[in-house]
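A.B. asks: There's a structure below that I have some questions on.
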Amino acid sequence: MSRYKILTVPNLMSFFRILLVPVFAVTFLEKVPLWPVVILLLSGVTDLFDGMIARKFNQVSDLGKMLDPAADKLTQIAVVSCLTTVYFQPMLVLLVVYIVKELTMLAGGLVMLRRKKIVPAARWFGKIATFEFYFAMALFLVFPRFLLAHPGYIAVIIAITIGLIVFSLLMYAVQFFKISENA
């Protein structure tokens, strides 16, 4: 299949995930019971399967390589931003760390593209950080009253999430420098 193909099942799944972002935000901010959790789970499931389908059925495309991470980032920023309205200070710290990490990754990717290097695909440490991120955010969505009554748990969950985000960034930085050395 052409790497320029647009209408593939994985690309449509990524488009769908992008469309879910404002739906998530509206249902969260309007306090519609359970819907934000359902939407986040639906987004996570489609994220899990779009890459598997793309590889299994030879539907990997350049568009998909951009859409999939864009859908991830938009979803993650929307979730943390919404949760900041409930858990202000700890989520704000997480949001800042997340944005700094993503901007750093974007800058590194642009440098690699400029040097005509192949930007590496997601690695295990990035996938673990992403999984834990979604798991942590789901905890905040499902157990808000419990967590608000136990701020120590909030601190632990945020600390683990930030730790894995920073670990992921450092591991990607090591890869970046190894690839740059071979220039």
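To be explicit about the labels: the chains of the structure tokens are called A, B, and onward in the order shown, and within each one the residues are counted from 1, while ligands get numbers from 1 in the order they are shown.
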Set the distance at 8 Å and use only C-alpha atoms: which residues neighbour stretch 169-181 of chain A once local chain neighbours fewer than 3 positions away are removed? I'd like the list as a list in words.
C.D. replies: Lys101, Met105, Gly108, Met112, Lys117, Phe125, Ile165 and Val166 of chain A
A.B. asks: May I have the selected residues written with C-alpha atoms, as an mmCIF file, in the first residue's frame?
C.D. replies:
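Output file selection39.cif is given in full below:
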data_model
loop_
_atom_site.group_PDB
_atom_site.id
_atom_site.type_symbol
_atom_site.label_atom_id
_atom_site.label_comp_id
_atom_site.auth_asym_id
_atom_site.auth_seq_id
_atom_site.Cartn_x
_atom_site.Cartn_y
_atom_site.Cartn_z
ATOM 1 C CA LYS A 101 8.609 17.348 27.181
ATOM 2 C CA MET A 105 10.595 16.162 21.496
ATOM 3 C CA GLY A 108 14.520 17.191 18.457
ATOM 4 C CA MET A 112 16.546 15.233 12.896
ATOM 5 C CA LYS A 117 17.748 11.579 9.704
ATOM 6 C CA PHE A 125 9.774 3.633 27.539
ATOM 7 C CA ILE A 165 7.464 11.429 31.485
ATOM 8 C CA VAL A 166 10.928 12.721 32.425
#
A.B. asks: From the set A:Tyr153, A:Tyr87, A:Phe15, A:Phe131, which residue has the shortest atom-to-atom contact distance to A:Leu41, counting only C-alpha atoms?
C.D. replies: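 Between A:Tyr153, A:Tyr87, A:Phe15, A:Phe131, the residue approaching A:Leu41 most closely is A:Phe131.
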A.B. asks: Go through A:Pro36, A:Gly152, A:Gly163, A:Gly64 one by one, measure the shortest atom-to-atom distance of each to A:Leu83 using only C-alpha atoms, and give the residue with the smallest value.
C.D. replies: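 Selected residue with least distance to A:Leu83: A:Pro36.
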A.B. asks: Counting only C-alpha atoms, what is within 9 Å of A:Thr8, bar same-chain residues fewer than 2 positions away, as a PDB file with N, CA and C atoms, in the first residue's frame?
C.D. replies:
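Printed below is result.pdb as written:
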ATOM      1  N   LYS A   5      -1.267   6.951   1.240  1.00  0.00           N
ATOM      2  CA  LYS A   5      -2.697   6.642   1.305  1.00  0.00           C
ATOM      3  C   LYS A   5      -3.319   7.373   2.495  1.00  0.00           C
ATOM      4  N   ILE A   6      -4.492   7.969   2.262  1.00  0.00           N
ATOM      5  CA  ILE A   6      -5.141   8.750   3.314  1.00  0.00           C
ATOM      6  C   ILE A   6      -6.277   7.988   3.973  1.00  0.00           C
ATOM      7  N   PRO A  10      -6.652   2.712   9.980  1.00  0.00           N
ATOM      8  CA  PRO A  10      -5.910   3.354  11.080  1.00  0.00           C
ATOM      9  C   PRO A  10      -5.998   4.881  11.038  1.00  0.00           C
ATOM     10  N   ASN A  11      -5.935   5.476   9.847  1.00  0.00           N
ATOM     11  CA  ASN A  11      -6.034   6.939   9.760  1.00  0.00           C
ATOM     12  C   ASN A  11      -7.417   7.411  10.188  1.00  0.00           C
ATOM     13  N   LEU A  12      -8.453   6.676   9.780  1.00  0.00           N
ATOM     14  CA  LEU A  12      -9.813   7.032  10.197  1.00  0.00           C
ATOM     15  C   LEU A  12      -9.964   6.913  11.717  1.00  0.00           C
ATOM     16  N   MET A  13      -9.293   5.928  12.303  1.00  0.00           N
ATOM     17  CA  MET A  13      -9.332   5.783  13.761  1.00  0.00           C
ATOM     18  C   MET A  13      -8.644   6.974  14.431  1.00  0.00           C
ATOM     19  N   ALA A  54      -2.531  -1.026  11.231  1.00  0.00           N
ATOM     20  CA  ALA A  54      -1.676  -0.443  10.192  1.00  0.00           C
ATOM     21  C   ALA A  54      -0.538  -1.396   9.821  1.00  0.00           C
ATOM     22  N   GLN A  59      -0.980  -0.907   6.183  1.00  0.00           N
ATOM     23  CA  GLN A  59      -1.646   0.374   5.986  1.00  0.00           C
ATOM     24  C   GLN A  59      -0.896   1.510   6.679  1.00  0.00           C
ATOM     25  N   VAL A  60       0.403   1.320   6.871  1.00  0.00           N
ATOM     26  CA  VAL A  60       1.229   2.367   7.455  1.00  0.00           C
ATOM     27  C   VAL A  60       1.359   3.479   6.412  1.00  0.00           C
ATOM     28  N   SER A  61       1.122   4.711   6.833  1.00  0.00           N
ATOM     29  CA  SER A  61       1.220   5.835   5.898  1.00  0.00           C
ATOM     30  C   SER A  61       1.924   7.001   6.574  1.00  0.00           C
ATOM     31  N   GLY A  64      -0.554   8.800   8.664  1.00  0.00           N
ATOM     32  CA  GLY A  64      -0.806   8.094   9.913  1.00  0.00           C
ATOM     33  C   GLY A  64       0.300   8.301  10.932  1.00  0.00           C
TER      34      GLY A  64
END
A.B. asks: Between A:Leu34, A:Phe57, A:Ser168, A:Gly44, which has the minimum distance to A:Thr104 (counting only C-alpha atoms)?
C.D. replies: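 The closest residue to A:Thr104 is A:Ser168.
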A.B. asks: Here is a test: counting only C-alpha atoms, which residue of A:Leu63, A:Ile157, A:Leu113, A:Leu74 is nearest to A:Met137?
C.D. replies: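 The shortest atom-to-atom distance to A:Met137 comes from A:Ile157.
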A.B. asks: Could you give me, as a ChimeraX atom specification, the residues within 12 Å of A:Tyr98, counting only C-alpha atoms and dropping anything in the same chain fewer than 2 positions from it?
C.D. replies: /A:73-74,76-81,91-96,100-105,129-130,133,158,161-169
A.B. asks: Can you spit out the residues from that selection as an mmCIF file, in the first residue's frame, using N, CA and C atoms?
C.D. replies:
data_model
loop_
_atom_site.group_PDB
_atom_site.id
_atom_site.type_symbol
_atom_site.label_atom_id
_atom_site.label_comp_id
_atom_site.auth_asym_id
_atom_site.auth_seq_id
_atom_site.Cartn_x
_atom_site.Cartn_y
_atom_site.Cartn_z
ATOM 1 N N LYS A 73 -1.341 13.480 21.580
ATOM 2 C CA LYS A 73 -0.969 14.713 22.277
ATOM 3 C C LYS A 73 -2.203 15.580 22.553
ATOM 4 N N LEU A 74 -3.085 15.707 21.563
ATOM 5 C CA LEU A 74 -4.299 16.503 21.767
ATOM 6 C C LEU A 74 -5.163 15.917 22.883
ATOM 7 N N GLN A 76 -4.150 13.954 25.411
ATOM 8 C CA GLN A 76 -3.477 14.091 26.697
ATOM 9 C C GLN A 76 -3.538 15.521 27.219
ATOM 10 N N ILE A 77 -3.341 16.494 26.352
ATOM 11 C CA ILE A 77 -3.413 17.889 26.792
ATOM 12 C C ILE A 77 -4.835 18.234 27.229
ATOM 13 N N ALA A 78 -5.829 17.748 26.492
ATOM 14 C CA ALA A 78 -7.224 18.018 26.866
ATOM 15 C C ALA A 78 -7.553 17.408 28.222
ATOM 16 N N VAL A 79 -7.126 16.182 28.450
ATOM 17 C CA VAL A 79 -7.429 15.506 29.716
ATOM 18 C C VAL A 79 -6.785 16.248 30.889
ATOM 19 N N VAL A 80 -5.491 16.556 30.767
ATOM 20 C CA VAL A 80 -4.812 17.249 31.875
ATOM 21 C C VAL A 80 -5.393 18.643 32.067
ATOM 22 N N SER A 81 -5.685 19.331 30.981
ATOM 23 C CA SER A 81 -6.264 20.676 31.093
ATOM 24 C C SER A 81 -7.609 20.624 31.808
ATOM 25 N N MET A 91 -2.060 19.220 38.868
ATOM 26 C CA MET A 91 -2.262 19.021 37.429
ATOM 27 C C MET A 91 -1.561 20.097 36.622
ATOM 28 N N LEU A 92 -1.484 21.292 37.167
ATOM 29 C CA LEU A 92 -0.789 22.367 36.468
ATOM 30 C C LEU A 92 0.698 22.028 36.334
ATOM 31 N N VAL A 93 1.270 21.482 37.390
ATOM 32 C CA VAL A 93 2.673 21.050 37.335
ATOM 33 C C VAL A 93 2.828 19.962 36.272
ATOM 34 N N LEU A 94 1.930 18.978 36.275
ATOM 35 C CA LEU A 94 1.976 17.911 35.278
ATOM 36 C C LEU A 94 1.832 18.474 33.868
ATOM 37 N N LEU A 95 0.914 19.398 33.687
ATOM 38 C CA LEU A 95 0.687 20.004 32.374
ATOM 39 C C LEU A 95 1.946 20.711 31.883
ATOM 40 N N VAL A 96 2.598 21.467 32.745
ATOM 41 C CA VAL A 96 3.821 22.182 32.362
ATOM 42 C C VAL A 96 4.922 21.184 31.986
ATOM 43 N N VAL A 100 6.545 20.871 28.227
ATOM 44 C CA VAL A 100 7.992 21.019 28.036
ATOM 45 C C VAL A 100 8.561 19.774 27.352
ATOM 46 N N LYS A 101 8.131 18.594 27.790
ATOM 47 C CA LYS A 101 8.609 17.348 27.181
ATOM 48 C C LYS A 101 8.230 17.294 25.703
ATOM 49 N N GLU A 102 6.974 17.602 25.396
ATOM 50 C CA GLU A 102 6.515 17.512 24.010
ATOM 51 C C GLU A 102 7.188 18.542 23.119
ATOM 52 N N LEU A 103 7.393 19.758 23.627
ATOM 53 C CA LEU A 103 8.091 20.770 22.833
ATOM 54 C C LEU A 103 9.547 20.377 22.598
ATOM 55 N N THR A 104 10.170 19.773 23.607
ATOM 56 C CA THR A 104 11.545 19.290 23.458
ATOM 57 C C THR A 104 11.606 18.174 22.416
ATOM 58 N N MET A 105 10.650 17.256 22.477
ATOM 59 C CA MET A 105 10.595 16.162 21.496
ATOM 60 C C MET A 105 10.356 16.717 20.091
ATOM 61 N N ALA A 129 5.295 5.167 29.545
ATOM 62 C CA ALA A 129 4.914 6.481 30.078
ATOM 63 C C ALA A 129 3.503 6.859 29.624
ATOM 64 N N THR A 130 3.179 6.570 28.371
ATOM 65 C CA THR A 130 1.846 6.883 27.855
ATOM 66 C C THR A 130 0.785 6.032 28.537
ATOM 67 N N PHE A 133 0.309 7.271 32.015
ATOM 68 C CA PHE A 133 -0.379 8.557 31.950
ATOM 69 C C PHE A 133 -1.882 8.343 31.855
ATOM 70 N N ILE A 158 0.763 11.816 40.679
ATOM 71 C CA ILE A 158 1.378 12.854 39.830
ATOM 72 C C ILE A 158 2.885 12.666 39.785
ATOM 73 N N THR A 161 3.718 9.813 37.468
ATOM 74 C CA THR A 161 3.458 10.215 36.086
ATOM 75 C C THR A 161 4.555 11.142 35.580
ATOM 76 N N ILE A 162 4.905 12.144 36.369
ATOM 77 C CA ILE A 162 5.971 13.069 35.977
ATOM 78 C C ILE A 162 7.303 12.323 35.859
ATOM 79 N N GLY A 163 7.572 11.431 36.801
ATOM 80 C CA GLY A 163 8.816 10.655 36.748
ATOM 81 C C GLY A 163 8.942 9.868 35.460
ATOM 82 N N LEU A 164 7.852 9.215 35.044
ATOM 83 C CA LEU A 164 7.902 8.429 33.798
ATOM 84 C C LEU A 164 7.984 9.327 32.563
ATOM 85 N N ILE A 165 7.353 10.488 32.602
ATOM 86 C CA ILE A 165 7.464 11.429 31.485
ATOM 87 C C ILE A 165 8.916 11.898 31.342
ATOM 88 N N VAL A 166 9.539 12.262 32.448
ATOM 89 C CA VAL A 166 10.928 12.721 32.425
ATOM 90 C C VAL A 166 11.862 11.586 32.008
ATOM 91 N N PHE A 167 11.633 10.386 32.542
ATOM 92 C CA PHE A 167 12.438 9.220 32.148
ATOM 93 C C PHE A 167 12.340 8.984 30.639
ATOM 94 N N SER A 168 11.140 9.042 30.123
ATOM 95 C CA SER A 168 10.928 8.861 28.688
ATOM 96 C C SER A 168 11.684 9.918 27.892
ATOM 97 N N LEU A 169 11.591 11.170 28.318
ATOM 98 C CA LEU A 169 12.299 12.252 27.630
ATOM 99 C C LEU A 169 13.806 12.014 27.645
#
A.B. asks: So, with only C-alpha atoms as the atoms that count, which of A:Leu67, A:Ala159, A:Leu147, A:Val26 lies closest to A:Val86?
C.D. replies: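 Residue with the minimum atom-to-atom distance to A:Val86: A:Leu147.
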A.B. asks: Given the choices A:Glu132, A:Asp68, A:Glu30, A:Asp62, which gets closest to A:Ser43 if the distance is worked out from only C-alpha atoms?
C.D. replies: A:Asp68
A.B. asks: As an exercise, work out the distance from atom CA of A:Thr46 to atom CA of A:Leu141 in Å and give it to one decimal place.
C.D. replies: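 One can read the atom CA of A:Thr46 to atom CA of A:Leu141 distance as 19.2 Å.
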